[in-house]
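Worksheet: one structure, shown below.
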Amino acid sequence: MEEIIEKQSRRDFLRKLSLGAGSLLIAGSFGFSWMIDPVTGKVKAIVIDFSKCTGCRTCETVCAAHHHQIETGGSVIPGISNPYQANIRVHHFNPDVDVPLVCSRCEDAPCIDACPVDPDPETGRKALYHHPVTGVPANDTERCIGCRMCARACESMRTGTIRPNPGSHMPEGICDQCGGDPQCVKYCPFNAISFIEVAHDREFAGLSPEAIGQLLIKKFYS
Amino acid sequence: MNLSMMENNIPGYFGRLLDVNLTTGEIRKTQLSKEILKDFAGGRGLGMKLLFDRLSRPGISAFSPENVLLFMPGPFSGLPLPSSSRTCVVTKSPRTSPLKSDFPDASTVSYSNIGGFFGPELRFAGYDGLAITGKSEKPVYLYIKDDQVEIRDASAYWGMGTDELETRLIKDLGSDRFRSCYIGPAAEKLVPLASVLNTAARAAGRGGTGAVMGSKLLKAVCVSGSGIPNVADPVRFHELLEKARQSFSEDTPSRKWWREGGTTNALEESSQGGTMAVKNYSEGTFNEVQKIGTGASRKEIWKRDFACYCCYLACKKSGMAKGAYGGLVHDGPEYETGSMLGSNLLISDLAGLSKCIGVADNLGLDIISAGNIIGFLMEAYDKRLINKAFLDDIDLTWGNVDATIALLTKMGANEGIGKKANLGVKKLAEIIGQGSEAFAIHVKGHELAGWNVHKAVDWFGISYTTANRGACHMNGGGPSPQNQSALRDSLGICNFVDEWYINDISFANIMSAITGIEWTNESLEKVGERIYNLEKMFNYREGFRREDDRLPERFYTDAYAGGPAAGIRVDRQHFTQLIESYYDLRGWDKLTSRPTSAKLNELGLAYLDTEYR
């Protein structure tokens with residue numbers, strides 16, 4: 001896969017953010033998910049401002065609804081789904097800290113490393129592979145054997161967003177950024193989620209929700 | 001899993017009640033009929049119907065294994081509607097008593113509403129409610145994961161404060177997807193004013209629901225669900241949902257008010273208006289209110305705003321207090337906690353006030369009643385009706401933070417003066433005598449909340465005196481607001497969002513889309529009225545009468561000495577007229593307080609008319 005990631009320092013990124021939104025973002029309160037913008041060719045990420053998140057879980061409900069649409073009376077509308085079926089997940093801790101997380105789109109992708117399926121001779125892809133456009137891990141359900149190794153790798157090494165389907169054990173919960181119009185960003189009542197260009201070297205990248213939760217607890221409650 | 005597709009169901013409901021008997025260990029899933037779902041909606045209403053039918057006779061002690069403790073979300077709960085987070089805890093009250101009754105353990109119904117995430121999760125698990133009866137032999141907690149329901153040993157958690165418990169449950173259950181309601185140490189010791197909490201600070205505080213839970217040796221209910229209710233008309237529901245989200249997204253002064261300060265804003269507003277509980281309700285304005293108001297809390301304590309499930313307002317605030325009383329602040333001070341442990345006790349040390357709130361939440365005490373009781377004792381001590389020995393050597397002077405913390409701690413332990421205080425102001429006044437009943441601020445034994453009456457008798461006088469759980473500030477100042485309030489508590493929607501759910505996105509239209517039954521505002525209000533009258537009949541059966549709907553003497557005799565409303569008090573004749581016209585509007589008998597036969601018939605409650613004369 002081609003690397004078209006525009007390198008930016010965190011300082012540049014923060015400056016852009018504060019210029020753009022005039023917001024009260026606290027440095028270091030961000031979590032990321034990546035995508036390559038099909039129009040500009042630049043890398044875009046789902047960015048979560050943990051200092052703004054109130055833990056309402058609206059993001060989970062719109063994500064779950066978007067990914068489980070229903071057809072009724074000739075039209076397709078968002079479904080009504082349990083928020084656990086979302087690809088974004090709000091982790092909750094005591095004292096009150098909420099950590100919404102989506103797939104980090106790790107540069108080294110331990111989930112793909114862990115996939116034991118032999119690469120396809122033509123495409124070079126394992127069952128789990130980098131999506132050529134979005135860059136997020138995608139699963140070839142024809143070849144996936146449901147071994148759960150990708151979920152285990154994600155769980156033990158990174159955010160733990162990949163979870164096996166209870167029946168097929170194939171990976172679920174990987175953010176697809178809604179094809180460029182992320183619903184979580186659109187609907188967050190507190191503007192805590194944005195979809196913007198960022199760089200790989202960021203705080204909290206690939207950390208587990210527990211680790212982020214502990215860092216935030218220290219930050220907010222000490 | 002899609003249980004709501006079960007036949008014989010109204011869409012939007014699962015038609016199932018999770019029924020747990022802690023004496024026998026029996027766990028059942030009871031079918032709920034279409035009729036009672038339609039007549040009582042859910043939440044407070046459905047809980048009331050189940051309670052009334054199951055407690056088949058009056059005078060059963062609230063702490064009897066026979067008493068039923070119901071956790072009731074509503075038909076909105078679990079759907080992604082803004083602010084559809086509420087759960088109503090319904091039971092027979094351990095707090096109230098009539099002036100006279102044939103039954104020694106007579107008490108009113110109790111219902112208390114809690115936000116957070118518990119109700120939606122219970123519905124995700126596939127239940128319209130949870131009913132607990134019986135009494136366990138040892139401490140237990142209830143584990144609910146969809147259809148898997150277990151009564152588990154809770155000895156490791158017994159005695160644990162709510163803050164530590166919240167952390168431990170998330171850890172021990174291995175997932176923050178479990179949402180839990182629980183009690184603190186106070187409820188374990190059967191402190192009557194003990195509350196049910198979740199997320200360590202959100203409380204079904206009023207009416208002793210936690211004490212009933214404690215009497216059953218039930219420490220916690222932990223639930224996680226993978227399902228979701230269905231709706232009858234997804235297209236219409238989705239349109240309404242989108243409109244509701246748009247409406248909540250608009251940057252209105254109201255939304256700003258909630259987000260910036262929430263009910264904390266009301267501290268300063270109410271003080272200015274002379275409607276605040278100050279110095280055991282003797283005043284309506286607190287000169288030092290700024291020290292505990294929104295500005296001060298934002299500056300000194302709050303770091304974070306928190307929302308309940310799918311809420312756009314995020315009125316729960318948390319942070320850290322500094323100084324001698326420093327430490328974690330889970331919530332507020334918001335209006336009730338800030339007035340009852342603040343202005344009512346003349347406490348204006350913000351960190352000290354926050355500490356008092358934290359101590360009470362950790363013990364699991366109803367802060368409204370606790371603050372009211374402490375205010376009463378402060379006044380009795382100030383007037384030298386009681387001495388320091390009566391107070392176990394606590395120097396309970398006005399504004400004394402350390403003394404308040406000491407007393408709250410004793411209340412949580414149910415020891416010494418704490419045990420006496422836990423009897424509530426009605427019984428304390430009987431013990432202390434010397435005319436102290438005139439400033440014992442309760443109705444039917446249930447203490448008043450942070451809104452004072454002198455200047456707002458038309459609303460709060462009616463709200464407090466006619467509420468079916470004893471004094472209640474959320475009840476409403478007349479029949480229609482009261483019916484609406486009963487309805488909201490039954491739908492599972494927050495009490496603070498009426499102004500967004502109007503016109504197209506009315507509760508009636510949303511209920512129609514969910515259930516496939518065409519509701520109107522009028523037919524839904526009728527549900528609220530039915531619920532309110534059923535509660536009234538429950539209380540009537542226990543022996544409550546018209547004379548129990550009375551205001552504390554203070555409001556008639558003690559005019560405010562200071563503030564913009566100085567000199568004001570309640571005119572006795574005015575209030576008598578007010579409550580009599582209320583009874584007329586209600587269709588209730590002014591002598592007996594009983595709903596008339598005509599009213600019961602109109603509401604489809606005719607069967608009560610013949611049974612309970």
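The chains in the structure tokens are called A, B, ... from first to last as shown; in each chain the residues are counted from 1, and the ligands are counted from 1 in the order shown.
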
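The part of chain B that reaches within 6 Å of chain A is made up of Thr167, Asp176, Gly227, Ile228, Asp305, Phe306, Ala307, Cys308, Tyr309, Cys310, Cys311, Tyr312 and Met320 of chain B, counting only C-alpha atoms.
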
Secondary structure check, strand (DSSP E or B) residues of stretch 339-468 of chain B, as a list in words: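 In stretch 339-468 of chain B, DSSP puts these residues in strand (DSSP E or B): Leu365, His442, Val443, His446, Glu447, Trp451 and Asn468 of chain B.
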
Export of the given selection (C-alpha atoms) as a short mmCIF file (atom, residue, chain, number, x, y, z; two decimals), in the first residue's frame:
data_model
loop_
_atom_site.label_atom_id
_atom_site.label_comp_id
_atom_site.auth_asym_id
_atom_site.auth_seq_id
_atom_site.Cartn_x
_atom_site.Cartn_y
_atom_site.Cartn_z
CA LEU B 365 -28.08 9.00 52.13
CA HIS B 442 -42.13 17.73 56.38
CA VAL B 443 -45.37 16.52 54.80
CA HIS B 446 -41.21 13.13 54.27
CA GLU B 447 -38.95 16.17 54.47
CA TRP B 451 -37.55 25.14 47.48
CA ASN B 468 -48.22 10.93 46.78
#

Residue neighbourhood A:Asn139, 10 Å, only C-alpha atoms, exclusion window fewer than 3 positions, as a ChimeraX atom specification: /A:112,125-131,136,142-144,170-172,174

Output the selection as a PDB file, in the first residue's frame - C-alpha atoms for each residue.
ATOM      1  CA  ILE A 112      -2.922  -7.663  10.376  1.00  0.00           C
ATOM      2  CA  ARG A 125      -3.452  -9.619   1.135  1.00  0.00           C
ATOM      3  CA  LYS A 126      -4.131 -11.748   4.157  1.00  0.00           C
ATOM      4  CA  ALA A 127      -7.773 -12.127   5.211  1.00  0.00           C
ATOM      5  CA  LEU A 128      -7.279  -8.951   7.219  1.00  0.00           C
ATOM      6  CA  TYR A 129      -5.609  -6.263   5.138  1.00  0.00           C
ATOM      7  CA  HIS A 130      -5.234  -2.516   4.785  1.00  0.00           C
ATOM      8  CA  HIS A 131      -8.112  -1.083   2.798  1.00  0.00           C
ATOM      9  CA  VAL A 136      -8.230   0.994   7.914  1.00  0.00           C
ATOM     10  CA  GLU A 142     -14.497 -15.209   2.186  1.00  0.00           C
ATOM     11  CA  ARG A 143     -11.063 -16.056   3.537  1.00  0.00           C
ATOM     12  CA  CYS A 144     -11.350 -15.180   7.230  1.00  0.00           C
ATOM     13  CA  MET A 170     -14.904 -12.773  12.484  1.00  0.00           C
ATOM     14  CA  PRO A 171     -13.586  -9.329  13.433  1.00  0.00           C
ATOM     15  CA  GLU A 172     -16.054  -6.512  13.991  1.00  0.00           C
ATOM     16  CA  ILE A 174     -13.390  -1.614  12.960  1.00  0.00           C
TER      17      ILE A 174
END

Extract, using only C-alpha atoms, all DNA, RNA and protein residues at most 10 Å from B:Asp146, discarding same-chain residues fewer than 6 positions from it, and format them as an mmCIF file with N, CA and C atoms, in the first residue's frame.
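Output below, filename part38.cif:
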data_model
loop_
_atom_site.group_PDB
_atom_site.id
_atom_site.type_symbol
_atom_site.label_atom_id
_atom_site.label_comp_id
_atom_site.auth_asym_id
_atom_site.auth_seq_id
_atom_site.Cartn_x
_atom_site.Cartn_y
_atom_site.Cartn_z
ATOM 1 N N MET B 1 -30.846 -11.249 19.122
ATOM 2 C CA MET B 1 -32.005 -11.322 20.030
ATOM 3 C C MET B 1 -32.996 -10.221 19.677
ATOM 4 N N GLU B 121 -30.022 0.152 29.886
ATOM 5 C CA GLU B 121 -29.346 -1.151 29.866
ATOM 6 C C GLU B 121 -30.298 -2.280 30.244
ATOM 7 N N LEU B 122 -31.193 -2.010 31.189
ATOM 8 C CA LEU B 122 -32.183 -3.024 31.576
ATOM 9 C C LEU B 122 -33.072 -3.373 30.387
ATOM 10 N N ARG B 123 -33.384 -2.354 29.603
ATOM 11 C CA ARG B 123 -34.184 -2.608 28.398
ATOM 12 C C ARG B 123 -33.353 -3.327 27.332
ATOM 13 N N PHE B 124 -32.057 -3.001 27.217
ATOM 14 C CA PHE B 124 -31.208 -3.741 26.273
ATOM 15 C C PHE B 124 -31.207 -5.232 26.625
ATOM 16 N N ALA B 125 -31.325 -5.506 27.921
ATOM 17 C CA ALA B 125 -31.327 -6.905 28.365
ATOM 18 C C ALA B 125 -32.675 -7.578 28.110
ATOM 19 N N GLY B 126 -33.661 -6.777 27.714
ATOM 20 C CA GLY B 126 -34.929 -7.374 27.303
ATOM 21 C C GLY B 126 -36.047 -7.321 28.320
ATOM 22 N N TYR B 127 -35.977 -6.355 29.252
ATOM 23 C CA TYR B 127 -37.010 -6.269 30.282
ATOM 24 C C TYR B 127 -37.618 -4.871 30.348
ATOM 25 N N VAL B 223 -26.427 -4.874 35.315
ATOM 26 C CA VAL B 223 -27.105 -5.351 34.108
ATOM 27 C C VAL B 223 -26.344 -4.971 32.848
ATOM 28 N N SER B 224 -26.341 -5.895 31.907
ATOM 29 C CA SER B 224 -25.765 -5.631 30.600
ATOM 30 C C SER B 224 -26.629 -6.338 29.560
ATOM 31 N N GLY B 225 -26.962 -5.635 28.507
ATOM 32 C CA GLY B 225 -27.878 -6.233 27.527
ATOM 33 C C GLY B 225 -27.413 -6.036 26.106
ATOM 34 N N SER B 226 -27.752 -6.967 25.242
ATOM 35 C CA SER B 226 -27.309 -6.885 23.845
ATOM 36 C C SER B 226 -28.449 -6.579 22.878
ATOM 37 N N GLY B 227 -29.662 -6.449 23.398
ATOM 38 C CA GLY B 227 -30.809 -6.216 22.516
ATOM 39 C C GLY B 227 -31.198 -4.757 22.450
#

Tell me, counting only C-alpha atoms, for each residue of stretch 440-509 of chain B within 12 Å of stretch 585-594 of chain B, which pair of atoms is nearest and how far apart they are in Å to one decimal, in rows ordered by chain and increasing number, as a tab-separated table.
residue	atom	partner	partner_atom	distance
B:Thr466	CA	B:Ser593	CA	10.1
B:Asn468	CA	B:Ser593	CA	11.9
B:Gly478	CA	B:Leu585	CA	8.7
B:Pro479	CA	B:Arg586	CA	6.3
B:Ser480	CA	B:Arg586	CA	9.2
B:Pro481	CA	B:Arg586	CA	12.0
B:Gln482	CA	B:Arg586	CA	10.6
B:Asn483	CA	B:Arg586	CA	10.4

Distance in Å - atom CA of B:Ile502 versus atom CA of B:Ser85: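 Atom CA of B:Ser85 lies at a distance of 18.6 Å from atom CA of B:Ile502.
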
One-decimal distance in Å that lies between atom CA of B:Asp549 and atom CA of B:Phe103: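 One can read the atom CA of B:Phe103 to atom CA of B:Asp549 distance as 18.6 Å.
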
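The closest residue to B:Glu379, picked from B:Leu169, B:Val289, B:Leu346, B:Val90 and counting only C-alpha atoms, is B:Leu346.
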
So that I can check the surroundings of B:Thr337, please list as a compact mmCIF listing (two decimals) with C-alpha atoms, in the first residue's frame every protein, DNA and RNA residue that reaches within 9 Å of it, counting only C-alpha atoms and ignoring chain neighbours fewer than 2 positions away.
# COMPACT_ATOMS: atom_id res chain seq x y z
CA GLY B 332 -22.34 19.56 41.94
CA PRO B 333 -23.21 21.12 44.25
CA GLU B 334 -26.41 21.24 42.17
CA TYR B 335 -29.61 22.87 43.36
CA SER B 339 -29.41 24.23 49.05
CA MET B 340 -30.07 21.40 51.50
CA LEU B 341 -26.50 21.00 52.77
CA GLY B 342 -25.56 24.59 51.87
CA LEU B 353 -20.18 21.81 51.14
CA SER B 354 -18.78 19.56 48.42
CA ILE B 357 -22.22 16.02 49.59
CA ILE B 367 -29.25 14.45 50.79
CA ILE B 368 -32.55 16.33 50.72
CA GLY B 371 -29.98 18.39 54.97
CA GLY B 450 -34.66 22.95 48.63

Atom CA of A:Ala138 to atom CA of B:Gly174, distance in Å rounded to a single decimal: 27.9 Å

Shell of 8 Å around A:Arg89, only C-alpha atoms, local chain residues under 2 positions omitted, as number ranges by chain: A: 60, 84, 86-87, 91, 99-102, 161

Can you write out the residues you just picked, keeping N, CA and C atoms, as a PDB file, in the first residue's frame?
ATOM      1  N   GLU A  60     -22.261   6.286  19.860  1.00  0.00           N
ATOM      2  CA  GLU A  60     -22.493   4.846  19.723  1.00  0.00           C
ATOM      3  C   GLU A  60     -23.832   4.577  19.030  1.00  0.00           C
ATOM      4  N   TYR A  84     -23.883  -1.266  21.581  1.00  0.00           N
ATOM      5  CA  TYR A  84     -22.700  -2.129  21.581  1.00  0.00           C
ATOM      6  C   TYR A  84     -22.340  -2.565  20.166  1.00  0.00           C
ATOM      7  N   ALA A  86     -21.919  -0.670  17.753  1.00  0.00           N
ATOM      8  CA  ALA A  86     -21.231   0.436  17.082  1.00  0.00           C
ATOM      9  C   ALA A  86     -19.754   0.118  16.921  1.00  0.00           C
ATOM     10  N   ASN A  87     -19.117   0.855  16.000  1.00  0.00           N
ATOM     11  CA  ASN A  87     -17.671   0.729  15.836  1.00  0.00           C
ATOM     12  C   ASN A  87     -16.910   1.729  16.696  1.00  0.00           C
ATOM     13  N   HIS A  91     -15.825   4.043  26.612  1.00  0.00           N
ATOM     14  CA  HIS A  91     -15.439   3.330  27.827  1.00  0.00           C
ATOM     15  C   HIS A  91     -15.619   4.260  29.016  1.00  0.00           C
ATOM     16  N   VAL A  99     -14.067   7.524  27.732  1.00  0.00           N
ATOM     17  CA  VAL A  99     -13.048   7.394  26.698  1.00  0.00           C
ATOM     18  C   VAL A  99     -13.665   6.761  25.448  1.00  0.00           C
ATOM     19  N   PRO A 100     -14.165   7.592  24.532  1.00  0.00           N
ATOM     20  CA  PRO A 100     -14.643   7.024  23.267  1.00  0.00           C
ATOM     21  C   PRO A 100     -13.438   6.611  22.431  1.00  0.00           C
ATOM     22  N   LEU A 101     -13.492   5.419  21.889  1.00  0.00           N
ATOM     23  CA  LEU A 101     -12.369   4.970  21.075  1.00  0.00           C
ATOM     24  C   LEU A 101     -12.866   4.344  19.776  1.00  0.00           C
ATOM     25  N   VAL A 102     -12.104   4.633  18.718  1.00  0.00           N
ATOM     26  CA  VAL A 102     -12.303   3.946  17.449  1.00  0.00           C
ATOM     27  C   VAL A 102     -10.968   3.314  17.082  1.00  0.00           C
ATOM     28  N   THR A 161     -10.381  -2.373  20.084  1.00  0.00           N
ATOM     29  CA  THR A 161     -11.651  -2.067  19.411  1.00  0.00           C
ATOM     30  C   THR A 161     -12.145  -3.231  18.564  1.00  0.00           C
TER      31      THR A 161
END

Every residue of stretch 434-605 of chain B that DSSP places in alpha helix (DSSP H), as number ranges by chain: B: 462-466, 479-491, 507-515, 521-542, 554-557, 572-586, 597-602

Neighbour list for B:Phe71 as an MDAnalysis selection string, cut-off 12 Å, only C-alpha atoms, skip fewer than 4 positions in-chain: chainID B and resid 17:20 42:48 50:51 86:91 111:114 118:123 127:133 180:182 196 204 209:210 213 220:223 489:490 492
